[in-house]
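Trainee: Below: one structure in C-alpha cells.
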Amino acid sequence: MQAKSHRRLLLLGLALGGGYLVAGRALPTLPWFAANLEFEDIDQPAGFRRIRAGETSTGGFDPFAGIDSAGPAEPAPSAVSAVRQDICNALFEGWTPGSGTVPIASFSDYNCPICRITTRRIAGAAPVQDGTARVTWHELPILGETSVLAAKAALAADNQGVYAAFQDRLLRSAFQPTDGYIDALANDLDLDRDRLASDMQSPDIEARIDRSLALRDIFGFRGTPAILVGRTVVEGDIGEATLSRLIELEREAGPPPVC
C-alpha cells in the first residue's frame, strides 16, 4: 500500500512539473504558445511529423520499477499487422477523410495525472465542441492493474452510450479505480451493471486495448499522454494555444497522407 501511495506522489510531482516521465526519461515539454512551431518528419510510420522540441534525460533510473507494474505490455502480433494495414482507421475510427473535420487521436491512462488535464483540455477545445475537430479516444492502460480495470470499464460504458460521462467521472475522481468504485459509478450513471461486467471481459474490449497498444508500438510512444492532431504527433501535455494552432494548420493541410 505504501508503494502505491509513493508512486501516486511521484506521478503528482511530475504532473506539477509540467512534463511526464517514463522509464527514467523526462520527455519534452511542448511550447504552450503557438508562435514559431517547428516540425520534423518521423521515419516510421511515414507521412507523420512531430513538433520539434528539446529533450532532457534523467539517466537510466526508473522510479516506478516494480511498483504496481502489472498490465498489458505487448499487443498481439496480429493486432500490429492489422493496424499497419489500415493505420488511418485504427487512429481515427469512424472519421471520414474529406469531411473537413480535423481528426484527433488521444491516448491516455486514468492513473496518469497529466492525462487528466490534457484530456479535459482536448474535450473542451472550441473546435471539438463545435464539431470542426473530432476526437477518437484511445485507452492506453500502461500504469498497472487499476489502469487496465478503468480502461475496460470505460470501453464497456461506451457500449452503453455513456463513454464521455464515464470518462469524465473517472478523470475527476480523487480515488484510484477499484471494482467497488466502478460499480458505484455504474450505478450513479444508471448503467446495466451486469452487462458492464460482462463487456469488460469481452474479446471486443481486449481487441480495442490491443489496437491502442499496437499504435503505441508503431509510433514509439514512450508514455501517456500521447496525441495525434491530424498528421502531427504530440507526446506530453499540450497548451490550449498550441492545440488550437495545430488544428488550424491541419485543417489547412488537409487529411494526413495515409488517409
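In the C-alpha cells, the first chain shown is A, the next is B, and so on; residue numbers restart at 1 for each chain, and ligands run from 1 in the order shown.
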Give me the residues near Gln176 in chain A as a list in words, where near means some atom within 8 Å (using only C-alpha atoms) and where sequence neighbours in that chain fewer than 2 positions away do not count.

Mentor: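 Surrounding residues, per the criterion: Asn111, Thr146, Ser173, Ala174 and Thr178 of chain A.
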
Trainee: Take the residues that were just selected and, keeping C-alpha atoms, output them as a PDB file, in the first residue's frame.

Mentor:
ATOM      1  CA  ASN A 111      -3.605   6.769 -13.435  1.00  0.00           C
ATOM      2  CA  THR A 146      -6.108  -0.395 -11.871  1.00  0.00           C
ATOM      3  CA  SER A 173     -12.258  11.293  -9.202  1.00  0.00           C
ATOM      4  CA  ALA A 174      -9.681  11.564  -6.441  1.00  0.00           C
ATOM      5  CA  THR A 178     -11.354  -0.209  -7.938  1.00  0.00           C
TER       6      THR A 178
END

Trainee: How would you write, as a PyMOL selection string, the set of residues in range 17-251 of chain A that DSSP gives as helix (DSSP H, G or I)?

Mentor: chain A and resi 17+77-85+87-91+113-124+126-129+145-158+163-172+179-188+193-200+203-219+240-251

Trainee: When you look at range 154-171 of chain A with a cut-off of 10 Å (counting only C-alpha atoms), what residues show up, excluding the ones that are within fewer than 4 positions of it in the same chain? I need them as a PyMOL selection string.

Mentor: chain A and resi 109-113+115-117+119-120+123+137-139+148-150+175-177+181-182+185-186+188-193+195-202+204-206+208-209

Trainee: Now that the selection is made, can you save its residues with C-alpha atoms as a PDB file, in the first residue's frame?

Mentor:
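The new file part_2.pdb reads:
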ATOM      1  CA  ASP A 109      -4.217   6.331 -18.806  1.00  0.00           C
ATOM      2  CA  TYR A 110      -6.530   7.075 -15.863  1.00  0.00           C
ATOM      3  CA  ASN A 111      -3.605   6.769 -13.435  1.00  0.00           C
ATOM      4  CA  CYS A 112      -1.642   9.437 -15.336  1.00  0.00           C
ATOM      5  CA  PRO A 113      -2.203  12.819 -13.600  1.00  0.00           C
ATOM      6  CA  CYS A 115      -3.697  12.907 -18.767  1.00  0.00           C
ATOM      7  CA  ARG A 116      -6.489  14.278 -16.590  1.00  0.00           C
ATOM      8  CA  ILE A 117      -5.518  17.813 -17.590  1.00  0.00           C
ATOM      9  CA  THR A 119      -7.945  15.034 -21.834  1.00  0.00           C
ATOM     10  CA  ARG A 120     -10.216  17.732 -20.432  1.00  0.00           C
ATOM     11  CA  ALA A 123     -12.537  17.634 -24.911  1.00  0.00           C
ATOM     12  CA  TRP A 137     -10.273   8.369 -27.509  1.00  0.00           C
ATOM     13  CA  HIS A 138      -7.760   5.537 -27.080  1.00  0.00           C
ATOM     14  CA  GLU A 139      -7.437   3.765 -23.751  1.00  0.00           C
ATOM     15  CA  VAL A 148      -6.493  -1.797 -17.019  1.00  0.00           C
ATOM     16  CA  LEU A 149      -9.644  -2.011 -14.875  1.00  0.00           C
ATOM     17  CA  ALA A 150     -10.584   1.617 -15.567  1.00  0.00           C
ATOM     18  CA  PHE A 175      -9.871   7.796  -5.956  1.00  0.00           C
ATOM     19  CA  GLN A 176      -7.904   5.040  -7.625  1.00  0.00           C
ATOM     20  CA  PRO A 177     -10.217   2.929  -9.780  1.00  0.00           C
ATOM     21  CA  TYR A 181     -15.741   2.383  -7.305  1.00  0.00           C
ATOM     22  CA  ILE A 182     -16.521   1.194 -10.844  1.00  0.00           C
ATOM     23  CA  LEU A 185     -20.059   4.810 -10.766  1.00  0.00           C
ATOM     24  CA  ALA A 186     -22.075   2.472 -12.968  1.00  0.00           C
ATOM     25  CA  ASP A 188     -24.739   6.578 -10.494  1.00  0.00           C
ATOM     26  CA  LEU A 189     -24.887   6.659 -14.299  1.00  0.00           C
ATOM     27  CA  ASP A 190     -27.780   4.173 -14.363  1.00  0.00           C
ATOM     28  CA  LEU A 191     -25.840   1.571 -16.343  1.00  0.00           C
ATOM     29  CA  ASP A 192     -26.723  -2.088 -16.690  1.00  0.00           C
ATOM     30  CA  ARG A 193     -24.069  -3.342 -14.270  1.00  0.00           C
ATOM     31  CA  ARG A 195     -23.776  -6.033 -18.928  1.00  0.00           C
ATOM     32  CA  LEU A 196     -20.920  -3.722 -17.931  1.00  0.00           C
ATOM     33  CA  ALA A 197     -19.177  -6.526 -16.038  1.00  0.00           C
ATOM     34  CA  SER A 198     -19.695  -8.946 -18.930  1.00  0.00           C
ATOM     35  CA  ASP A 199     -18.498  -6.481 -21.575  1.00  0.00           C
ATOM     36  CA  MET A 200     -15.366  -5.673 -19.576  1.00  0.00           C
ATOM     37  CA  GLN A 201     -14.241  -9.285 -20.111  1.00  0.00           C
ATOM     38  CA  SER A 202     -15.271  -9.463 -23.762  1.00  0.00           C
ATOM     39  CA  ASP A 204     -14.053  -6.841 -28.257  1.00  0.00           C
ATOM     40  CA  ILE A 205     -12.779  -4.766 -25.327  1.00  0.00           C
ATOM     41  CA  GLU A 206      -9.492  -6.699 -25.320  1.00  0.00           C
ATOM     42  CA  ARG A 208      -9.694  -2.297 -28.638  1.00  0.00           C
ATOM     43  CA  ILE A 209      -6.984  -2.073 -25.999  1.00  0.00           C
TER      44      ILE A 209
END

Trainee: To one decimal place in Å, what is the distance between CA of Ala153 in chain A and CA of Thr101 in chain A?

Mentor: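 Interatomic distance, CA of Ala153 in chain A to CA of Thr101 in chain A: 28.6 Å.
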
Trainee: One decimal, Å: what's the distance from CA of Pro257 in chain A over to CA of Pro97 in chain A, could you say?

Mentor: 10.2 Å

Trainee: Which residues, written as number ranges by chain, have at least one atom at most 8 Å from Leu215 in chain A, with only C-alpha atoms counted and residues fewer than 3 positions away on the same chain left out?

Mentor: A: 80, 83, 90-91, 211-212, 218-219

Trainee: May I have the residues from that selection written out with C-alpha atoms, as a CSV table (one decimal), in the first residue's frame?

Mentor:
chain,number,residue,atom,x,y,z
A,80,VAL,CA,0.1,-4.8,-35.0
A,83,VAL,CA,-3.1,-1.7,-37.6
A,90,ALA,CA,-7.1,2.5,-36.4
A,91,LEU,CA,-6.2,6.0,-35.3
A,211,ARG,CA,-5.2,-1.9,-31.0
A,212,SER,CA,-4.1,1.1,-28.9
A,218,ILE,CA,4.2,1.6,-34.2
A,219,PHE,CA,4.6,5.3,-33.2
